Each structure stands twice: as structure tokens, then as C-alpha cells.
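J.: Quick one, start_31.csv (CSV, C-alpha atoms and all ligand atoms):
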chain,number,residue,atom,x,y,z
Q,18,MET,CA,-47.8,53.1,-168.4
Q,19,LEU,CA,-48.4,56.8,-169.2
Q,20,ALA,CA,-47.4,58.8,-172.2
Q,21,GLY,CA,-44.9,61.4,-170.9
Q,22,ILE,CA,-41.3,61.0,-172.1
Q,23,PHE,CA,-40.5,58.4,-169.5
Q,24,GLY,CA,-43.5,56.2,-170.4
Q,25,LEU,CA,-42.8,56.6,-174.1
Q,26,SER,CA,-39.1,55.8,-173.8
Q,27,LEU,CA,-39.8,52.7,-171.8
Q,28,ALA,CA,-42.6,51.6,-174.1
Q,29,ILE,CA,-40.3,51.8,-177.1
Q,30,ALA,CA,-37.5,50.0,-175.3
Q,31,LEU,CA,-39.8,47.2,-174.2
Q,32,ARG,CA,-41.4,46.9,-177.6
Q,33,ASP,CA,-37.9,46.6,-179.2
Q,34,ARG,CA,-37.5,43.5,-176.9
Q,35,ASN,CA,-40.7,42.1,-178.2
Q,36,TYR,CA,-43.0,42.8,-175.2
Q,37,VAL,CA,-46.7,43.5,-175.9
Q,38,VAL,CA,-47.0,47.1,-174.6
Q,39,SER,CA,-50.1,49.3,-173.9
Q,40,VAL,CA,-49.8,52.9,-173.0
Q,41,PHE,CA,-52.6,54.7,-171.2
Q,42,ASP,CA,-52.9,58.5,-170.8
Q,43,ARG,CA,-55.7,60.8,-169.9
Q,44,SER,CA,-54.5,63.4,-172.4
Q,45,GLN,CA,-55.6,63.0,-176.1
Q,46,TYR,CA,-52.1,63.3,-177.3
Q,47,ASP,CA,-52.9,61.9,-180.8
Q,48,GLU,CA,-55.1,65.0,-181.3
Q,49,ASN,CA,-53.4,67.7,-179.3
Q,50,GLY,CA,-49.8,66.7,-180.3
Q,51,TYR,CA,-48.5,67.5,-176.8
Q,52,ASP,CA,-49.4,71.1,-177.2
Q,53,PRO,CA,-48.5,72.6,-173.8
Q,54,THR,CA,-51.3,75.2,-174.1
Q,55,ALA,CA,-54.0,72.6,-174.7
Q,56,ASP,CA,-56.7,72.3,-172.0
Q,57,ASP,CA,-56.1,68.6,-171.3
Q,58,VAL,CA,-52.3,68.6,-171.3
Q,59,GLN,CA,-50.7,68.6,-167.9
Q,60,ALA,CA,-47.3,66.8,-168.1
Q,61,ALA,CA,-43.8,67.9,-167.3
Q,62,SER,CA,-42.8,66.5,-170.7
Q,63,ALA,CA,-45.2,68.7,-172.6
Q,64,ASP,CA,-43.4,72.0,-173.0
Q,65,HIS,CA,-41.9,74.2,-175.8
Q,66,ASN,CA,-38.4,73.3,-174.6
Q,67,LYS,CA,-36.3,72.2,-171.7
Q,68,ILE,CA,-32.6,72.4,-170.9
Q,69,PHE,CA,-30.3,69.5,-171.7
Q,70,ARG,CA,-27.1,69.4,-169.5
Q,71,ALA,CA,-24.7,66.9,-168.2
Q,72,SER,CA,-23.4,69.0,-165.4
Q,73,TYR,CA,-24.2,67.4,-162.1
Q,74,GLY,CA,-21.4,68.1,-159.6
Q,75,ASN,CA,-20.1,64.9,-158.1
Q,76,GLU,CA,-23.0,62.8,-159.3
Q,77,ILE,CA,-21.1,61.2,-162.2
Q,78,HIS,CA,-23.8,58.7,-162.9
Q,79,TYR,CA,-26.2,61.5,-163.9
Q,80,GLN,CA,-23.4,63.0,-166.1
Q,81,ARG,CA,-22.9,59.6,-167.8
Q,82,LEU,CA,-26.7,59.0,-168.2
Q,83,ALA,CA,-27.1,62.5,-169.7
Q,84,LEU,CA,-24.3,62.0,-172.2
Q,85,GLU,CA,-25.8,58.7,-173.2
Q,86,SER,CA,-29.1,60.3,-173.9
Q,87,ARG,CA,-27.4,63.2,-175.7
Q,88,LYS,CA,-25.9,60.7,-178.2
Q,89,ALA,CA,-29.4,59.3,-178.7
Q,90,TRP,CA,-30.9,62.7,-179.4
Q,91,VAL,CA,-28.2,63.7,-181.8
Q,92,LEU,CA,-28.5,60.4,-183.6
Q,93,GLU,CA,-32.3,60.8,-183.9
Q,94,ASP,CA,-32.0,64.2,-185.5
Q,95,GLU,CA,-29.3,62.8,-187.9
Q,96,LYS,CA,-31.6,59.9,-188.8
Q,97,ARG,CA,-34.4,62.3,-189.6
Q,98,GLY,CA,-32.0,64.5,-191.7
Q,99,PHE,CA,-32.4,67.6,-189.5
Q,100,SER,CA,-29.3,69.8,-189.0
Q,101,SER,CA,-28.4,73.2,-187.7
Q,102,GLY,CA,-28.0,74.5,-191.2
Q,103,ASP,CA,-31.8,74.1,-192.0
Q,104,ILE,CA,-33.8,77.3,-192.5
Q,105,ASP,CA,-36.7,75.8,-190.7
Q,106,ASP,CA,-34.8,74.2,-187.8
Q,107,LYS,CA,-36.7,71.2,-186.7
Q,108,ARG,CA,-34.0,69.5,-184.6
Q,109,LEU,CA,-35.3,68.0,-181.3
Q,110,PHE,CA,-32.0,68.8,-179.7
Q,111,VAL,CA,-30.4,72.2,-180.2
Q,112,ASN,CA,-26.8,72.4,-179.1
Q,113,SER,CA,-26.9,76.1,-178.1
Q,114,GLY,CA,-24.6,75.8,-175.1
Q,115,MET,CA,-25.3,77.0,-171.6
Q,116,LEU,CA,-23.6,79.5,-169.4
Q,117,ARG,CA,-23.3,78.5,-165.8
Q,118,VAL,CA,-23.0,81.8,-164.0
Q,119,GLN,CA,-21.5,81.4,-160.6
Q,120,PRO,CA,-22.8,83.2,-157.5
Q,121,SER,CA,-19.5,85.1,-157.0
Q,122,ASP,CA,-16.3,85.9,-158.8
Q,123,HIS,CA,-14.9,82.4,-158.3
Q,124,LEU,CA,-16.0,78.9,-159.0
Q,125,ALA,CA,-18.4,77.4,-156.5
Q,126,THR,CA,-17.9,73.9,-155.0
Q,127,LEU,CA,-20.6,72.3,-157.2
Q,128,GLU,CA,-18.9,73.8,-160.3
Q,129,LYS,CA,-15.4,72.5,-159.3
Q,130,GLU,CA,-17.0,69.0,-158.8
Q,131,THR,CA,-18.6,69.2,-162.2
Q,132,LEU,CA,-15.4,70.2,-163.9
Q,133,ALA,CA,-13.4,67.5,-162.0
Q,134,ASN,CA,-15.9,64.8,-163.2
Q,135,MET,CA,-15.8,66.2,-166.8
Q,136,GLN,CA,-12.0,65.9,-166.6
Q,137,ARG,CA,-12.4,62.4,-165.3
Q,138,ASP,CA,-14.5,61.4,-168.3
Q,139,GLY,CA,-12.2,63.2,-170.8
Q,140,ILE,CA,-14.7,66.0,-171.8
Q,141,ARG,CA,-13.1,68.9,-169.9
Q,142,ASP,CA,-12.3,70.5,-173.3
Q,143,THR,CA,-16.1,71.1,-173.8
Q,144,GLN,CA,-16.1,73.5,-170.8
Q,145,PHE,CA,-14.8,77.0,-170.9
Q,146,VAL,CA,-14.1,78.9,-167.6
Q,147,GLU,CA,-14.3,82.6,-168.1
Q,148,SER,CA,-11.3,83.5,-166.0
Q,149,ASP,CA,-9.1,80.9,-167.6
Q,150,THR,CA,-7.0,82.4,-170.4
Q,151,ALA,CA,-6.4,79.1,-172.2
Q,152,ASP,CA,-10.1,78.3,-172.1
Q,153,CYS,CA,-11.0,81.7,-173.5
Q,154,GLU,CA,-8.4,81.3,-176.3
Q,155,ARG,CA,-9.9,77.9,-177.1
Q,156,ALA,CA,-13.4,79.3,-177.1
Q,157,GLU,CA,-12.3,82.0,-179.6
Q,158,ARG,CA,-10.7,79.4,-181.8
Q,159,LEU,CA,-13.8,77.2,-181.8
Q,160,GLY,CA,-16.3,80.0,-182.3
Q,161,TRP,CA,-17.9,79.9,-178.9
Q,162,LYS,CA,-16.4,83.1,-177.4
Q,163,HIS,CA,-19.4,85.3,-178.1
Q,164,LYS,CA,-21.4,83.1,-175.6
Q,165,LEU,CA,-18.9,83.6,-172.8
Q,166,LEU,CA,-20.8,86.6,-171.4
Q,167,HIS,CA,-19.6,88.9,-168.6
Q,168,PHE,CA,-22.0,89.9,-165.9
Q,169,LYS,CA,-21.0,92.7,-163.5
Q,170,ILE,CA,-21.3,92.0,-159.8
Q,171,PRO,CA,-23.4,95.0,-158.5
Q,172,ASP,CA,-21.5,97.6,-156.4
Q,173,THR,CA,-18.2,96.2,-157.4
Q,174,PRO,CA,-17.5,97.9,-160.8
Q,175,GLU,CA,-14.3,95.9,-161.4
Q,176,LYS,CA,-15.6,92.5,-160.8
Q,177,THR,CA,-17.7,90.2,-162.9
Q,178,TYR,CA,-19.4,86.9,-161.9
Q,179,GLU,CA,-17.3,83.9,-162.7
Q,180,ALA,CA,-19.0,81.7,-165.4
Q,181,VAL,CA,-18.5,78.5,-167.2
Q,182,LEU,CA,-19.7,77.9,-170.8
Q,183,ASP,CA,-20.9,74.4,-171.3
Q,184,THR,CA,-20.8,73.6,-175.0
Q,185,LEU,CA,-22.3,70.1,-174.5
Q,186,ALA,CA,-25.5,71.7,-173.2
Q,187,GLY,CA,-28.5,73.0,-175.1
Q,188,PHE,CA,-32.3,72.6,-175.2
Q,189,LEU,CA,-34.8,70.0,-176.3
Q,190,ARG,CA,-38.0,70.7,-178.1
Q,191,CYS,CA,-39.8,68.4,-175.8
Q,192,SER,CA,-43.4,68.5,-177.0
Q,193,ASN,CA,-42.1,67.9,-180.5
Q,194,ALA,CA,-40.0,65.1,-179.2
Q,195,CYS,CA,-42.9,63.4,-177.4
Q,196,ASP,CA,-45.1,63.7,-180.4
Q,197,HIS,CA,-42.3,62.1,-182.5
Q,198,TYR,CA,-41.7,59.3,-180.1
Q,199,ARG,CA,-45.4,58.6,-179.8
Q,200,GLU,CA,-45.5,58.1,-183.6
Q,201,VAL,CA,-42.4,55.9,-183.4
Q,202,ALA,CA,-44.1,53.8,-180.7
Q,203,VAL,CA,-47.3,53.5,-182.7
Q,204,ALA,CA,-45.3,52.3,-185.8
Q,205,LYS,CA,-43.5,49.7,-183.6
Q,206,GLY,CA,-46.9,48.3,-182.5
Q,207,VAL,CA,-47.4,49.9,-179.0
Q,208,LYS,CA,-51.1,50.2,-178.4
Q,209,PHE,CA,-52.3,53.6,-177.1
Q,210,HIS,CA,-55.4,54.2,-175.0
Q,211,LEU,CA,-55.8,58.0,-174.9
Q,212,GLY,CA,-58.3,60.5,-173.6
Q,213,ALA,CA,-60.4,61.4,-170.5
Q,214,GLU,CA,-62.4,58.2,-170.6
Q,215,ALA,CA,-60.5,55.3,-172.3
Q,216,GLY,CA,-57.1,56.6,-171.3
Q,217,ALA,CA,-57.5,57.9,-167.7
Q,218,VAL,CA,-56.4,55.4,-165.1
Q,219,GLU,CA,-58.9,55.3,-162.3
Q,220,SER,CA,-57.4,52.5,-160.2
Q,221,LEU,CA,-54.9,49.7,-160.2
Q,222,ILE,CA,-56.4,46.1,-159.9
Q,223,LYS,CA,-54.8,44.1,-157.2
Q,224,VAL,CA,-54.9,40.3,-156.5
Q,225,ALA,CA,-53.2,38.2,-153.8
Q,226,SER,CA,-49.5,37.6,-154.4
Q,227,SER,CA,-48.7,34.1,-155.4
Q,228,VAL,CA,-45.1,34.6,-154.1
Q,229,GLU,CA,-45.5,36.3,-150.7
Q,230,ALA,CA,-48.3,35.5,-148.3
Q,231,ASP,CA,-50.4,38.4,-147.1
Q,232,LYS,CA,-49.2,40.6,-149.9
Q,233,GLU,CA,-50.9,41.8,-153.1
Q,234,LYS,CA,-49.6,42.3,-156.6
Q,235,VAL,CA,-50.9,44.6,-159.3
Q,236,SER,CA,-52.6,42.6,-162.1
Q,237,GLY,CA,-53.9,45.4,-164.3
Q,238,LEU,CA,-55.8,48.6,-164.2
Q,239,LYS,CA,-59.2,50.1,-164.6
Q,240,THR,CA,-59.8,53.1,-166.8
Q,241,LYS,CA,-62.5,55.8,-166.3
Q,242,ASP,CA,-64.8,54.2,-168.9
Q,243,GLY,CA,-65.0,51.1,-166.7
Q,244,ALA,CA,-62.8,48.9,-168.8
Q,245,ILE,CA,-60.4,46.5,-167.1
Q,246,HIS,CA,-57.0,45.9,-168.6
Q,247,ASN,CA,-55.0,43.0,-167.4
Q,248,ALA,CA,-51.2,42.9,-167.6
Q,249,ASP,CA,-48.2,40.9,-166.4
Q,250,ILE,CA,-46.5,44.0,-165.4
Q,251,VAL,CA,-47.9,47.5,-164.8
Q,252,VAL,CA,-45.4,50.4,-164.8
Q,253,VAL,CA,-46.6,53.7,-163.4
Q,254,ALA,CA,-44.8,56.5,-165.2
Q,255,GLY,CA,-47.0,59.3,-163.8
Q,256,GLY,CA,-44.3,62.0,-163.5
Q,257,SER,CA,-44.3,64.4,-160.6
Q,258,HIS,CA,-48.0,64.8,-160.2
Q,259,ASP,CA,-50.1,63.1,-157.6
Q,260,TYR,CA,-53.0,62.0,-159.9
Q,261,LEU,CA,-52.5,58.4,-159.3
Q,262,SER,CA,-51.5,58.4,-155.7
Q,263,PRO,CA,-55.0,58.2,-154.2
Q,264,TYR,CA,-55.5,54.9,-156.1
Q,265,CYS,CA,-52.3,53.2,-155.2
Q,266,ALA,CA,-51.0,54.9,-152.1
Q,267,ASP,CA,-50.8,51.6,-150.2
Q,268,ILE,CA,-48.5,50.0,-152.8
Q,269,LEU,CA,-46.4,53.0,-153.7
Q,270,GLN,CA,-43.7,54.6,-151.7
Q,271,LEU,CA,-44.0,58.2,-152.4
Q,272,ASP,CA,-40.7,60.0,-152.0
Q,273,HIS,CA,-41.8,63.6,-152.0
Q,274,SER,CA,-38.3,64.9,-151.7
Q,275,GLN,CA,-37.5,63.4,-155.1
Q,276,ARG,CA,-41.1,63.5,-156.4
Q,277,LYS,CA,-40.8,60.0,-157.7
Q,278,TYR,CA,-43.0,57.0,-157.4
Q,279,PHE,CA,-41.5,53.5,-156.8
Q,280,LEU,CA,-43.7,50.5,-157.5
Q,281,THR,CA,-43.1,48.1,-154.6
H,301,LIG,C1,-41.3,73.3,-164.5
H,301,LIG,C2,-40.4,72.1,-164.8
H,301,LIG,C3,-39.2,72.4,-165.5
H,301,LIG,C4,-38.4,71.4,-165.8
H,301,LIG,N1,-37.2,71.7,-166.5
H,301,LIG,C5,-36.4,70.7,-167.0
H,301,LIG,C6,-35.3,70.9,-167.8
H,301,LIG,O1,-35.0,72.1,-168.1
H,301,LIG,N2,-34.5,69.9,-168.2
H,301,LIG,C7,-34.8,68.6,-167.8
H,301,LIG,O2,-34.1,67.7,-168.2
H,301,LIG,N3,-35.9,68.3,-167.1
H,301,LIG,C8,-36.7,69.3,-166.6
H,301,LIG,N4,-37.8,69.0,-165.9
H,301,LIG,C9,-38.1,67.6,-165.5
H,301,LIG,C10,-38.7,66.8,-166.7
H,301,LIG,O3,-39.6,67.7,-167.4
H,301,LIG,C11,-39.4,65.6,-166.1
H,301,LIG,O4,-38.5,64.8,-165.4
H,301,LIG,C12,-40.0,64.7,-167.2
H,301,LIG,O5,-40.7,65.4,-168.2
H,301,LIG,C13,-40.9,63.7,-166.5
H,301,LIG,O6,-41.4,62.9,-167.5
H,301,LIG,P1,-42.5,61.8,-167.1
H,301,LIG,O7,-42.8,61.0,-168.3
H,301,LIG,O8,-41.9,61.0,-165.9
H,301,LIG,O9,-43.7,62.6,-166.5
H,301,LIG,P2,-44.8,63.5,-167.2
H,301,LIG,O10,-44.2,64.2,-168.4
H,301,LIG,O11,-45.4,64.4,-166.1
H,301,LIG,O12,-45.9,62.5,-167.7
H,301,LIG,C14,-46.8,61.9,-166.9
H,301,LIG,C15,-48.0,61.5,-167.7
H,301,LIG,O13,-49.0,60.9,-166.9
H,301,LIG,C16,-50.3,61.2,-167.3
H,301,LIG,N5,-51.2,60.9,-166.2
H,301,LIG,C17,-51.1,61.2,-164.9
H,301,LIG,N6,-52.0,60.7,-164.2
H,301,LIG,C18,-52.8,59.9,-165.0
H,301,LIG,C19,-53.9,59.1,-164.8
H,301,LIG,N7,-54.5,58.9,-163.7
H,301,LIG,N8,-54.4,58.5,-165.9
H,301,LIG,C20,-53.8,58.6,-167.1
H,301,LIG,N9,-52.8,59.4,-167.3
H,301,LIG,C21,-52.2,60.0,-166.3
H,301,LIG,C22,-50.2,62.7,-167.6
H,301,LIG,O14,-51.2,63.1,-168.5
H,301,LIG,C23,-48.8,62.7,-168.3
H,301,LIG,O15,-48.9,62.5,-169.7
H,301,LIG,C24,-38.7,70.0,-165.5
H,301,LIG,C25,-39.9,69.7,-164.9
H,301,LIG,C26,-40.8,70.8,-164.5
H,301,LIG,C27,-42.1,70.4,-163.9
Show me the file's structure as C-alpha cells.
Ligand SMILES: Cc1cc2nc3c(=O)[nH]c(=O)nc-3n(C[C@H](O)[C@H](O)[C@H](O)COP(=O)(O)OP(=O)(O)OC[C@H]3O[C@@H](n4cnc5c(N)ncnc54)[C@H](O)[C@@H]3O)c2cc1C

T.:
Amino acid sequence: MLAGIFGLSLAIALRDRNYVVSVFDRSQYDENGYDPTADDVQAASADHNKIFRASYGNEIHYQRLALESRKAWVLEDEKRGFSSGDIDDKRLFVNSGMLRVQPSDHLATLEKETLANMQRDGIRDTQFVESDTADCERAERLGWKHKLLHFKIPDTPEKTYEAVLDTLAGFLRCSNACDHYREVAVAKGVKFHLGAEAGAVESLIKVASSVEADKEKVSGLKTKDGAIHNADIVVVAGGSHDYLSPYCADILQLDHSQRKYFLT
């Protein structure tokens, strides 16, 4: 397992269910703190911030997953006593809102699908369509109106792009979040092997499958320092990079359209 946000989340979830969990990562996160400018940091999760949104057109499962994760982020900030009123704002999730500017003066299909699904889940009132008078009045009442910006469509002085203000959205301080969750994982007893030697996965160890003839199963991994680590289950949470693919191409289905690895 690797120490991006996916690996960290899974490590904590498994540890909470009493699994013995080890996380390997070639980056020395305990020293660099997921600093995106550090030389040995190359992970999508290591960044100053990234957008949080639950607007996914007709893909309502993503909407629901995103809302579930939003609750978890808000709860984590509350648990740590961080709020929007702090002078030194240390929240992991900042509910700044997000303006979805449309490509023309009317709502695009994707936007209509998003709004329909938000209606379906009872959260349409968190969305504010610029051309909708009732939405604008509600935005004014709730103090969001100043974020409902108007952008002129070039060469059409009268017209502005349609836009939807999403007040559920915001951004995550993702390097801070990873650093925090690494500490949470350590406190819960997850063992970390970090760095270019002890943490870098060189290959996966394979043995004959005891269930399916002529097939192999992964029984552990080898790190760059030559150490072999055996495990009942190996999860590869390597993000969208291809670092690991040369070592396990024969057992992974690489879906390059989605940039995801599926362990088979
Ligand atoms: C430019 C960009 C912008 C994005 N913007 C957003 C956004 O605004 N909102 C949003 O929700 N999502 C966004 N995403 C997607 C999101 O960042 C990723 O889905 C998420 O961070 C992936 O996390 P991960 O843990 O799967 O992978 P990663 O964060 O990439 O972690 C993979 C880890 O594997 C380690 N590793 C790889 N190979 C090895 C090896 N051989 N040995 C040891 N360790 C290894 C790496 O060091 C790294 O720590 C964006 C992604 C990118 C690239």
C-alpha cells in the first residue's frame, strides 16, 4: 500500500477493523510533510489544495460518495477545533463555494443533469443559478450573492455566461490533509516504510495460486533495499503514475482511459 490519500484512507479504515497494516512509499513523507515542492514528492495527493465538489452530472453515485466524504472532512475539522473564524485558518476543508461557468448563456446538459440529481437528493437549495430570480434572492439572503459573478460573453455586450454557484463546493488543503492522516495512521498502529530504499517498491512477489490452477497470487513485495515483506493481501494504491506497472503489468489491468489500476 502506498501513502497517497487513497492508501492512507484505506490503511486507517483497515486498521480500525483490526487488520495489521503496513504502508510503503518511496517518498520520505515523515520528513518532507508532503511538501509538493520537495524533490522526492511526486503524488497527485501532495498539493497545496484541490477542489472539492459533488457535481457530477448524471453520475449520482459520485455525488453521493463526494457528499459522504464532505461530511467526514467537516467532522475532522470540527474534531480538531478548526473553524472559519480562526485568524490562522487551518481547516483541511474550506467551504469557499465554486462557480460553474457555463459555455454559453444557458445551462449546458451536464449542468441540467447535475441540478436534477441535486434535486433528487434534496440539496438543490445549495445551488444558485445566475439567471434564476428566486435563486439570486436566496443567495442574497444567505450571504452568497457576491460570489455569483457575471462574465460577459465576448462580442455580445448584452449577454453574460450562465453560471451556477455551488455552495457545497470548496477546496481541500491536501498536503496538510495527508500529513494529518499519516499521523493519525501512525497513532493507530499502521507501520510505515518510507524513503527511496526501504519504502520504494521494486517488485511484487508472486507464488502459485492455491485456488486456481496455472494462476499466480501476490504474496508480498520487495523493496529497493532488498527486503522481502510478506502479506495476506497487497493493495496497490499507486495513483495515476506508472511507477509500478513494469513490475506487475502481467497481473494488473491498466485502464489508461481512467488511469486506474485494478488488482486481478
Ligand atoms: C493535476 C491534478 C489535479 C487534480 N485536481 C483534483 C481536484 O481538484 N479535486 C480532486 O478531487 N481530485 C483532483 N485530482 C485527483 C486526485 O488528486 C487523485 O485522485 C488522488 O490524489 C489520487 O490519490 P492516490 O493516493 O490514489 O495517488 P497518489 O496521490 O498519486 O499517491 C500514489 C503514491 O504512490 C507512491 N508510489 C508510486 N510508485 C511507488 C513505488 N514503486 N514504490 C513506493 N511508492 C510508490 C507515490 O510516491 C505516491 O505517494 C487531481 C489530480 C491531478 C494529477

J.: Could you build a table of the residues in chain Q lying no more than 6 Å from ligand LIG 301 (chain H), giving for each the nearest pair of atoms and their separation in Å rounded to one decimal place, using only C-alpha atoms and all ligand atoms, ordered by chain and ascending residue number, as a Markdown table?

T.:
| residue | atom | partner | partner_atom | distance |
| --- | --- | --- | --- | --- |
| Q:Leu19 | CA | H:LIG301 | O13 | 4.7 |
| Q:Ala20 | CA | H:LIG301 | O15 | 4.7 |
| Q:Gly21 | CA | H:LIG301 | O7 | 3.4 |
| Q:Ile22 | CA | H:LIG301 | O7 | 4.1 |
| Q:Phe23 | CA | H:LIG301 | O7 | 3.7 |
| Q:Gly24 | CA | H:LIG301 | O7 | 5.3 |
| Q:Phe41 | CA | H:LIG301 | C20 | 5.8 |
| Q:Asp42 | CA | H:LIG301 | N9 | 3.6 |
| Q:Arg43 | CA | H:LIG301 | C20 | 4.0 |
| Q:Ser44 | CA | H:LIG301 | O14 | 5.1 |
| Q:Gln59 | CA | H:LIG301 | O14 | 5.6 |
| Q:Ala60 | CA | H:LIG301 | O11 | 3.7 |
| Q:Ala61 | CA | H:LIG301 | O10 | 3.9 |
| Q:Ser62 | CA | H:LIG301 | O5 | 3.4 |
| Q:Lys67 | CA | H:LIG301 | O1 | 3.8 |
| Q:Ile68 | CA | H:LIG301 | O1 | 3.7 |
| Q:Phe69 | CA | H:LIG301 | O2 | 5.5 |
| Q:Gly216 | CA | H:LIG301 | C20 | 5.7 |
| Q:Ala217 | CA | H:LIG301 | N8 | 3.6 |
| Q:Val218 | CA | H:LIG301 | N8 | 3.8 |
| Q:Glu219 | CA | H:LIG301 | N7 | 5.9 |
| Q:Ala254 | CA | H:LIG301 | O8 | 5.4 |
| Q:Gly255 | CA | H:LIG301 | O13 | 4.0 |
| Q:Gly256 | CA | H:LIG301 | O9 | 3.1 |
| Q:Ser257 | CA | H:LIG301 | O11 | 5.6 |
| Q:Tyr260 | CA | H:LIG301 | N6 | 4.6 |
| Q:Leu261 | CA | H:LIG301 | N7 | 4.9 |

J.: Give me, as a PyMOL selection string, all polymer residues having an atom no more than 8 Å from Glu179 in chain Q, counting only C-alpha atoms and skipping those fewer than 5 positions away in the same chain.

T.: chain Q and resi 118-124+146-148

J.: Quick one, how far is CA of Asp142 in chain Q from CA of Lys96 in chain Q?

T.: 26.9 Å

J.: Have a look at Q:Asp56, Q:Leu185, Q:Lys205, Q:Asp249 and name the one nearest to Arg87 in chain Q; count all atoms listed in the file.

T.: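 Going through Q:Asp56, Q:Leu185, Q:Lys205, Q:Asp249 one by one, the smallest distance to Arg87 in chain Q is for Q:Leu185.
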
J.: Find the residue from Q:His210, Q:Lys162, Q:His65, Q:Arg190 that sits nearest to Phe145 in chain Q; use all atoms listed in the file when measuring.

T.: Q:Lys162

J.: Name the closest residue to Thr184 in chain Q among the candidates Q:Arg117, Q:Lys241, Q:Lys129, Q:Lys234; distances are taken between atoms, counting all atoms listed in the file.

T.: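 Going through Q:Arg117, Q:Lys241, Q:Lys129, Q:Lys234 one by one, the smallest distance to Thr184 in chain Q is for Q:Arg117.
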
J.: So, counting only C-alpha atoms, which residue among Q:Ala133, Q:Ala30, Q:Leu211, Q:Val58 is closest to Glu76 in chain Q?

T.: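 Comparing Q:Ala133, Q:Ala30, Q:Leu211, Q:Val58 against Glu76 in chain Q, the winner is Q:Ala133.
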
J.: Nearest to Asp242 in chain Q among Q:Tyr36, Q:His197, Q:Ala215, Q:Leu221, with distances taken over all atoms listed in the file: which residue is it?

T.: Q:Ala215

J.: Between Q:Leu166, Q:Leu238, Q:Met115, Q:Ala244, which one has atoms that come closest to Gln144 in chain Q, using all atoms listed in the file?

T.: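 Nearest candidate to Gln144 in chain Q out of Q:Leu166, Q:Leu238, Q:Met115, Q:Ala244: Q:Met115.
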
J.: May I ask for the distance between CA of Val91 in chain Q and CA of Ala202 in chain Q, given in Å to one decimal place?

T.: 18.8 Å

J.: Please indicate the distance in Å from CA of Gln136 in chain Q to CA of His78 in chain Q, rounded to one decimal place.

T.: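 So the two atoms, CA of Gln136 in chain Q and CA of His78 in chain Q, lie 14.3 Å apart.
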
J.: Counting all atoms listed in the file, what is within 10 Å of Asn193 in chain Q, bar same-chain residues fewer than 2 positions away, as a list in words?

T.: Gly50, Tyr51, Asp52, Ser62, Ala63, Asp64, His65, Asn66, Lys107, Arg108, Leu109, Leu189, Arg190, Cys191, Cys195, Asp196, His197, Tyr198 and Arg199 of chain Q

J.: With C-alpha atoms retained, could you export that selection as a compact mmCIF listing (two decimals), in the coordinates of the input?

T.:
# COMPACT_ATOMS: atom_id res chain seq x y z
CA GLY Q 50 -49.80 66.70 -180.30
CA TYR Q 51 -48.50 67.50 -176.80
CA ASP Q 52 -49.40 71.10 -177.20
CA SER Q 62 -42.80 66.50 -170.70
CA ALA Q 63 -45.20 68.70 -172.60
CA ASP Q 64 -43.40 72.00 -173.00
CA HIS Q 65 -41.90 74.20 -175.80
CA ASN Q 66 -38.40 73.30 -174.60
CA LYS Q 107 -36.70 71.20 -186.70
CA ARG Q 108 -34.00 69.50 -184.60
CA LEU Q 109 -35.30 68.00 -181.30
CA LEU Q 189 -34.80 70.00 -176.30
CA ARG Q 190 -38.00 70.70 -178.10
CA CYS Q 191 -39.80 68.40 -175.80
CA CYS Q 195 -42.90 63.40 -177.40
CA ASP Q 196 -45.10 63.70 -180.40
CA HIS Q 197 -42.30 62.10 -182.50
CA TYR Q 198 -41.70 59.30 -180.10
CA ARG Q 199 -45.40 58.60 -179.80
